[in-house]
Amino acid sequence: MLEIKNLQARVDGKDILKGLSLEVRAGEVHAIMGPNGSGKSTTAHVLAGREGYEVTGGTVTFDGKNLLELEPEERACEGIFLGFQYPVEIPGVSNLTLLKAALNARRKYRGQPEIEPTDFLAWVRDRAKLVKIDPKMLSRGVNEGFSGGEKKRNEILQMLILEPRLMILDETDSGLDIDALKIVADGINALRSPERATVLVTHYQRLLDYVQPDHVHVLAGGRIVKSGGAELARELEEKGYGWLEAA
Amino acid sequence: MSLAAYAESFERFAAGLPEPQRAARRAELQRFLDAGFPTPRIEEWHYTDLAPLADRSFTLAGPAAAFAFEPLPGADQLVYLNGRLDRARSTAPELHADHLPEQAGSDSVSALNGAFASGGLHLQLARGQALPRPLQVVLAGVAGEAPAMVHQRHRIELGDNAEATLVFQFLGQGGGRLATQVIEVNLGPGARLNLYRVQDEQAEATLLSRIDARLDRDSRLTAVVVDCGSGLVRHDFNVSLAAPGAEVALAGLYQPAPGSHLDNHTRIVHAAPHCRSRERFKGIVDARAKAVFVGKVVVQPGAQKTDSEQHIANLLLSKKAEVNAKPELEIYADDVKCAHGATVGQLDDVALEYLRSRGIAAAEARAMLLRAFGAEVLERIGLPALRARLAARMGLGAEGAPAEIE
């Protein structure tokens with residue numbers, strides 16, 4: 001599904017990714033871990049096409065398409081979802097307006113008609129239950145007045161509503177108490193299927209207790225220095241990252 | 001600076017006037033000729049230069065054949081073309097007065113208006129009376145063969161606890177026009193006035209409008225002003241909170257067209273204790289347009305417990321746009337609450353990126369953010385048809401907005 005080969009990227013003139021390679025197949029959950037500054041978030045942002053991230057080498061293909069040529073909105077319509085570490089507040093644009101516009105943008109991309117308003121509201125209500133968000137909050141501006149935990153749950157709600165094929169979650173678990181963490185994990189697990197894949201970018205092993213990864217990668221110095229199964233995450237939790245950098 | 005053409009126009013105009021009017025108007029003309037058009041040396045006119053008008057020659061506008069406008073559903077209409085009542089299209093012609101004696105004006109533009117002004121709306125509501133339907137006052141200027149001018153005056157007097165909703169629409173067709181419009185508002189104790197002022201002028205037209213409102217005890221003025229036209233436009237909105245408990249809420253949205261110059265001046269005077277004023281102005285300014293907002297708030301000695309807030313926010317969509325936004329506070333009382341803030345910025349890039357990351361195309365994402373910016377003001381318009389038309393006119397229509405979840 002996603003094939004990253006020798007990816008190099010630069011932020012503010014500084015080389016951050018220095019030859020990252022990763023293959024994610026449909027149905028898999030990958031966790032990318034690593035110390036601060038190793039390039040974890042940069043990887044997520046480059047995949048989503050955010051501005052300010054300059055790709056200087058390597059290739060990324062998504063279902064055989066050259067991902068790096070696509071605009072951010074085209075990547076989203078192809079089925080890529082980025083869960084933000086710091087979700088943005090947009091006063092005056094309601095959550096419902098955003099969700100409907102996002103859903104219809106996808107449908108238009110695929111040549112489908114716009115969603116019926118009643119179907120839309122029923123779908124939103126149904127999904128909101130999964131993340132325990134009061135649907136009334138969705139009439140408010142995007143993330144406006146939401147607590148930190150509510151913002152993260154709102155990211156997961158958007159994901160549940162948009163049903164992407166590749167979910168990239170950038171430190172969605174950071175700053176969450178255990179109840180909110182479980183809700184976020186439930187949301188991710190609800191979308192797990194043989195057709196979908198997930199990339200979890202995280203600093204801590206905690207989330208992986210609730211979302212079992214198939215593969216764990218350790219990023220250091222802009223490339224993957226070690227890959228393994230779920231047991232690698234536990235090893236990192238015990239030993240920290242120092243032993244890898246020394247190796 | 002010659003002003004000769006204005007003096008000549010006046011002589012032709014005055015010949016047809018009854019004697020008592022003639023003297024009073026001549027005094028106004030003299031005041032105008034002595035002072036001339038305001039120049040940028042005068043503080044209140046720092047950003048808007050009317051001096052070029054002095055050497056131009058406008059004749060009083062003749063009748064205009066036709067002008068297309070859309071009546072607001074559920075509202076009565078009072079329609080003026082070039083300052084003349086269009087009886088055929090006015091459903092409330094009884095609210096028209098041919099002549100409104102001028103009150104002691106202040107600046108030279110008011111004097112010019114006082115010299116030439118024809119009558120307009122004269123709304124007088126007695127104690128406890130409510131205007132049954134909103135009144136749409138259309139003030140349309142239509143260019144003729146030669147440059148023409150229109151000067152008009154309106155008066156609104158609401159008695160104790162009276163209520164009314166009024167829409168003033170300044171519309172234009174063709175350039176080469178000068179218009180001055182003066183609206184006097186007097187609210188008795190407990191009176192309520194909803195006032196909408198909409199401007200959609202054309203390039204090369206000059207519109208100078210002035211609202212002078214005096215609010216008595218516990219009265220309330222709620223006004224929304226919207227500017228989406230072109231040309232050289234200056235509005236003065238003066239409010240005197242003259243007795244305790246008076247309250248004004250003034251909201252404005254401006255989106256001047258390319259090449260236009262729009263100057264909004266507000267002046268709110270807290271002349272009595274326990275009054276409240278709220279101001280919220282927002283501007284969307286694109287290339288080659290110039291917008292000015294100066295909001296003066298004066299708290300007079302003794303106006304204790306004044307509660308005043310003023311917020312100005314401007315969005316610059318281009319590096320070539322120009323905005324001057326200035327709060328001016330003069331406070332002569334010590335137990336007051338006066339807040340103000342002014343911002344000038346661009347569309348939020350981070351928000352744009354967020355929307356795009358959800359699949360929304362860049363152009364649509366920009367439109368969503370602009371709609372959100374303007375909605376804060378447009379939502380205050382209590383007449384849904386007017387709100388929808390203005391939103392559509394300004395490219396801020398709410399298409400695609402989903403129903404609320406109850």
# chains A, B, ... in the order shown; residues from 1 in each chain; ligands from 1
$ residues_around --residues "Asn154 in chain A" --least-positions-apart "3" --cutoff "12 Å" --atoms "only C-alpha atoms" --output "ChimeraX atom specification"
/A:83-89,95-96,98-99,124,127-135,137-138,141-144,146-151,157-161,172,180,183-184,187
$ select_by_dssp --residues "range 233-376 of chain B" --states "helix (DSSP H, G or I)" --output "PyMOL selection string"
chain B and resi 349-357+362-376
$ residues_around --residues "range 22-31 of chain A" --least-positions-apart "6" --cutoff "7 Å" --atoms "only C-alpha atoms" --output "PyMOL selection string"
chain A and resi 1-5+193-201+213-217
$ interface_residues --of "chain A" --to "chain B" --cutoff "6 Å" --atoms "only C-alpha atoms" --output "number ranges by chain"
A: 72-73, 76-77, 92-93, 97, 102, 105, 136
$ atom_distance --atom1 "CA of Glu330 in chain B" --atom2 "CA of Val299 in chain B"
6.2 Å
$ select_by_dssp --residues "range 1-244 of chain A" --states "strand (DSSP E or B)" --output "ChimeraX atom specification"
/A:2-11,14-24,29-33,53-62,65-66,80-83,90-94,141-142,166-170,197-201,215-220,223-228
$ residues_around --residues "range 6-20 of chain A" --least-positions-apart "6" --cutoff "12 Å" --atoms "only C-alpha atoms" --output "PyMOL selection string"
chain A and resi 32+36-47+49-61+68+217-226
$ residues_around --residues "range 62-65 of chain B" --least-positions-apart "6" --cutoff "9 Å" --atoms "only C-alpha atoms" --output "list of chain:residue names"
B:Leu81, B:Asn82, B:Gly83, B:Arg84, B:Gly141, B:Val142, B:Ala143, B:Gly144, B:Ala148
$ residues_around --residues "Ala140 in chain B" --least-positions-apart "6" --cutoff "10 Å" --atoms "only C-alpha atoms" --output "VMD selection string"
chain B and resid 64 66 to 69 79 to 84 150 169 to 173 179 200 to 201
$ closest_residue --among "A:Leu162, A:Leu244, A:Ile188, A:Leu82" --to "Leu208 in chain A" --atoms "only C-alpha atoms"
A:Ile188
$ atom_distance --atom1 "CA of Arg89 in chain B" --atom2 "CA of Leu121 in chain B"
14.6 Å
$ residues_around --residues "Gly159 in chain B" --least-positions-apart "6" --cutoff "6 Å" --atoms "only C-alpha atoms" --output "PyMOL selection string"
chain B and resi 125-127+188
$ write_last_selection --atoms "C-alpha atoms" --output "CSV table (one decimal), in the first residue's frame"
chain,number,residue,atom,x,y,z
B,125,LEU,CA,-43.6,56.7,16.2
B,126,ALA,CA,-45.7,57.6,19.3
B,127,ARG,CA,-45.3,56.1,22.7
B,188,GLY,CA,-37.1,58.2,23.4
$ closest_residue --among "B:Val344, B:Leu29, B:Ile284, B:Ala271" --to "Pro301 in chain B" --atoms "only C-alpha atoms"
B:Ala271
$ atom_distance --atom1 "CA of Arg106 in chain A" --atom2 "CA of Gly79 in chain A"
8.4 Å
$ decode --residues "range 74-148 of chain A" --atoms "C-alpha atoms" --output "PDB file, in the first residue's frame"
ATOM      1  CA  GLU A  74      -5.536  15.009  -3.086  1.00  0.00           C
ATOM      2  CA  ARG A  75      -3.652  12.751  -0.682  1.00  0.00           C
ATOM      3  CA  ALA A  76      -6.582  12.999   1.732  1.00  0.00           C
ATOM      4  CA  CYS A  77      -9.018  12.132  -1.043  1.00  0.00           C
ATOM      5  CA  GLU A  78      -6.829   9.151  -1.991  1.00  0.00           C
ATOM      6  CA  GLY A  79      -7.453   7.879   1.520  1.00  0.00           C
ATOM      7  CA  ILE A  80      -4.630   9.189   3.701  1.00  0.00           C
ATOM      8  CA  PHE A  81      -5.509  10.693   7.060  1.00  0.00           C
ATOM      9  CA  LEU A  82      -3.109  12.535   9.321  1.00  0.00           C
ATOM     10  CA  GLY A  83      -4.065  12.821  12.963  1.00  0.00           C
ATOM     11  CA  PHE A  84      -2.386  15.995  14.223  1.00  0.00           C
ATOM     12  CA  GLN A  85      -0.291  16.176  17.335  1.00  0.00           C
ATOM     13  CA  TYR A  86      -1.664  19.671  17.870  1.00  0.00           C
ATOM     14  CA  PRO A  87      -5.134  19.875  16.298  1.00  0.00           C
ATOM     15  CA  VAL A  88      -5.989  23.375  15.095  1.00  0.00           C
ATOM     16  CA  GLU A  89      -8.828  25.511  16.422  1.00  0.00           C
ATOM     17  CA  ILE A  90     -10.881  27.144  13.674  1.00  0.00           C
ATOM     18  CA  PRO A  91     -13.471  29.488  15.191  1.00  0.00           C
ATOM     19  CA  GLY A  92     -16.464  30.091  12.949  1.00  0.00           C
ATOM     20  CA  VAL A  93     -16.074  26.898  10.902  1.00  0.00           C
ATOM     21  CA  SER A  94     -18.179  24.326  12.695  1.00  0.00           C
ATOM     22  CA  ASN A  95     -17.050  20.724  13.057  1.00  0.00           C
ATOM     23  CA  LEU A  96     -20.108  19.692  11.058  1.00  0.00           C
ATOM     24  CA  THR A  97     -19.244  22.078   8.228  1.00  0.00           C
ATOM     25  CA  LEU A  98     -15.713  20.708   8.098  1.00  0.00           C
ATOM     26  CA  LEU A  99     -16.855  17.084   8.205  1.00  0.00           C
ATOM     27  CA  LYS A 100     -19.468  17.539   5.515  1.00  0.00           C
ATOM     28  CA  ALA A 101     -17.088  19.432   3.239  1.00  0.00           C
ATOM     29  CA  ALA A 102     -14.406  16.773   3.781  1.00  0.00           C
ATOM     30  CA  LEU A 103     -16.794  13.889   3.096  1.00  0.00           C
ATOM     31  CA  ASN A 104     -18.162  15.539  -0.022  1.00  0.00           C
ATOM     32  CA  ALA A 105     -14.678  16.399  -1.280  1.00  0.00           C
ATOM     33  CA  ARG A 106     -13.855  12.670  -1.183  1.00  0.00           C
ATOM     34  CA  ARG A 107     -17.098  11.747  -2.877  1.00  0.00           C
ATOM     35  CA  LYS A 108     -16.507  14.311  -5.607  1.00  0.00           C
ATOM     36  CA  TYR A 109     -12.959  12.975  -6.087  1.00  0.00           C
ATOM     37  CA  ARG A 110     -14.418   9.538  -6.652  1.00  0.00           C
ATOM     38  CA  GLY A 111     -17.193  10.825  -8.907  1.00  0.00           C
ATOM     39  CA  GLN A 112     -19.925  10.176  -6.331  1.00  0.00           C
ATOM     40  CA  PRO A 113     -22.838  12.530  -5.553  1.00  0.00           C
ATOM     41  CA  GLU A 114     -22.924  14.578  -2.345  1.00  0.00           C
ATOM     42  CA  ILE A 115     -24.108  12.858   0.794  1.00  0.00           C
ATOM     43  CA  GLU A 116     -27.766  13.342   1.805  1.00  0.00           C
ATOM     44  CA  PRO A 117     -27.991  15.705   4.805  1.00  0.00           C
ATOM     45  CA  THR A 118     -30.007  13.214   6.870  1.00  0.00           C
ATOM     46  CA  ASP A 119     -27.589  10.382   6.105  1.00  0.00           C
ATOM     47  CA  PHE A 120     -24.732  12.653   7.051  1.00  0.00           C
ATOM     48  CA  LEU A 121     -26.162  13.594  10.437  1.00  0.00           C
ATOM     49  CA  ALA A 122     -27.075   9.977  11.228  1.00  0.00           C
ATOM     50  CA  TRP A 123     -23.540   8.858  10.333  1.00  0.00           C
ATOM     51  CA  VAL A 124     -21.958  11.584  12.478  1.00  0.00           C
ATOM     52  CA  ARG A 125     -24.172  10.724  15.458  1.00  0.00           C
ATOM     53  CA  ASP A 126     -23.326   7.055  15.152  1.00  0.00           C
ATOM     54  CA  ARG A 127     -19.572   7.668  15.003  1.00  0.00           C
ATOM     55  CA  ALA A 128     -19.581  10.256  17.787  1.00  0.00           C
ATOM     56  CA  LYS A 129     -20.812   7.576  20.189  1.00  0.00           C
ATOM     57  CA  LEU A 130     -17.637   5.557  19.589  1.00  0.00           C
ATOM     58  CA  VAL A 131     -15.435   8.359  20.882  1.00  0.00           C
ATOM     59  CA  LYS A 132     -17.919   9.597  23.492  1.00  0.00           C
ATOM     60  CA  ILE A 133     -18.260  13.070  21.989  1.00  0.00           C
ATOM     61  CA  ASP A 134     -21.567  14.857  22.559  1.00  0.00           C
ATOM     62  CA  PRO A 135     -22.864  15.554  19.022  1.00  0.00           C
ATOM     63  CA  LYS A 136     -23.963  19.006  20.195  1.00  0.00           C
ATOM     64  CA  MET A 137     -20.298  19.941  20.512  1.00  0.00           C
ATOM     65  CA  LEU A 138     -20.009  19.467  16.773  1.00  0.00           C
ATOM     66  CA  SER A 139     -22.069  22.583  16.070  1.00  0.00           C
ATOM     67  CA  ARG A 140     -19.243  24.577  17.600  1.00  0.00           C
ATOM     68  CA  GLY A 141     -16.196  25.822  15.744  1.00  0.00           C
ATOM     69  CA  VAL A 142     -13.576  23.167  14.935  1.00  0.00           C
ATOM     70  CA  ASN A 143     -11.870  22.297  18.240  1.00  0.00           C
ATOM     71  CA  GLU A 144     -13.065  25.636  19.614  1.00  0.00           C
ATOM     72  CA  GLY A 145     -12.982  25.513  23.386  1.00  0.00           C
ATOM     73  CA  PHE A 146     -12.160  21.772  23.333  1.00  0.00           C
ATOM     74  CA  SER A 147      -9.847  20.411  26.023  1.00  0.00           C
ATOM     75  CA  GLY A 148      -6.621  18.701  24.966  1.00  0.00           C
TER      76      GLY A 148
END
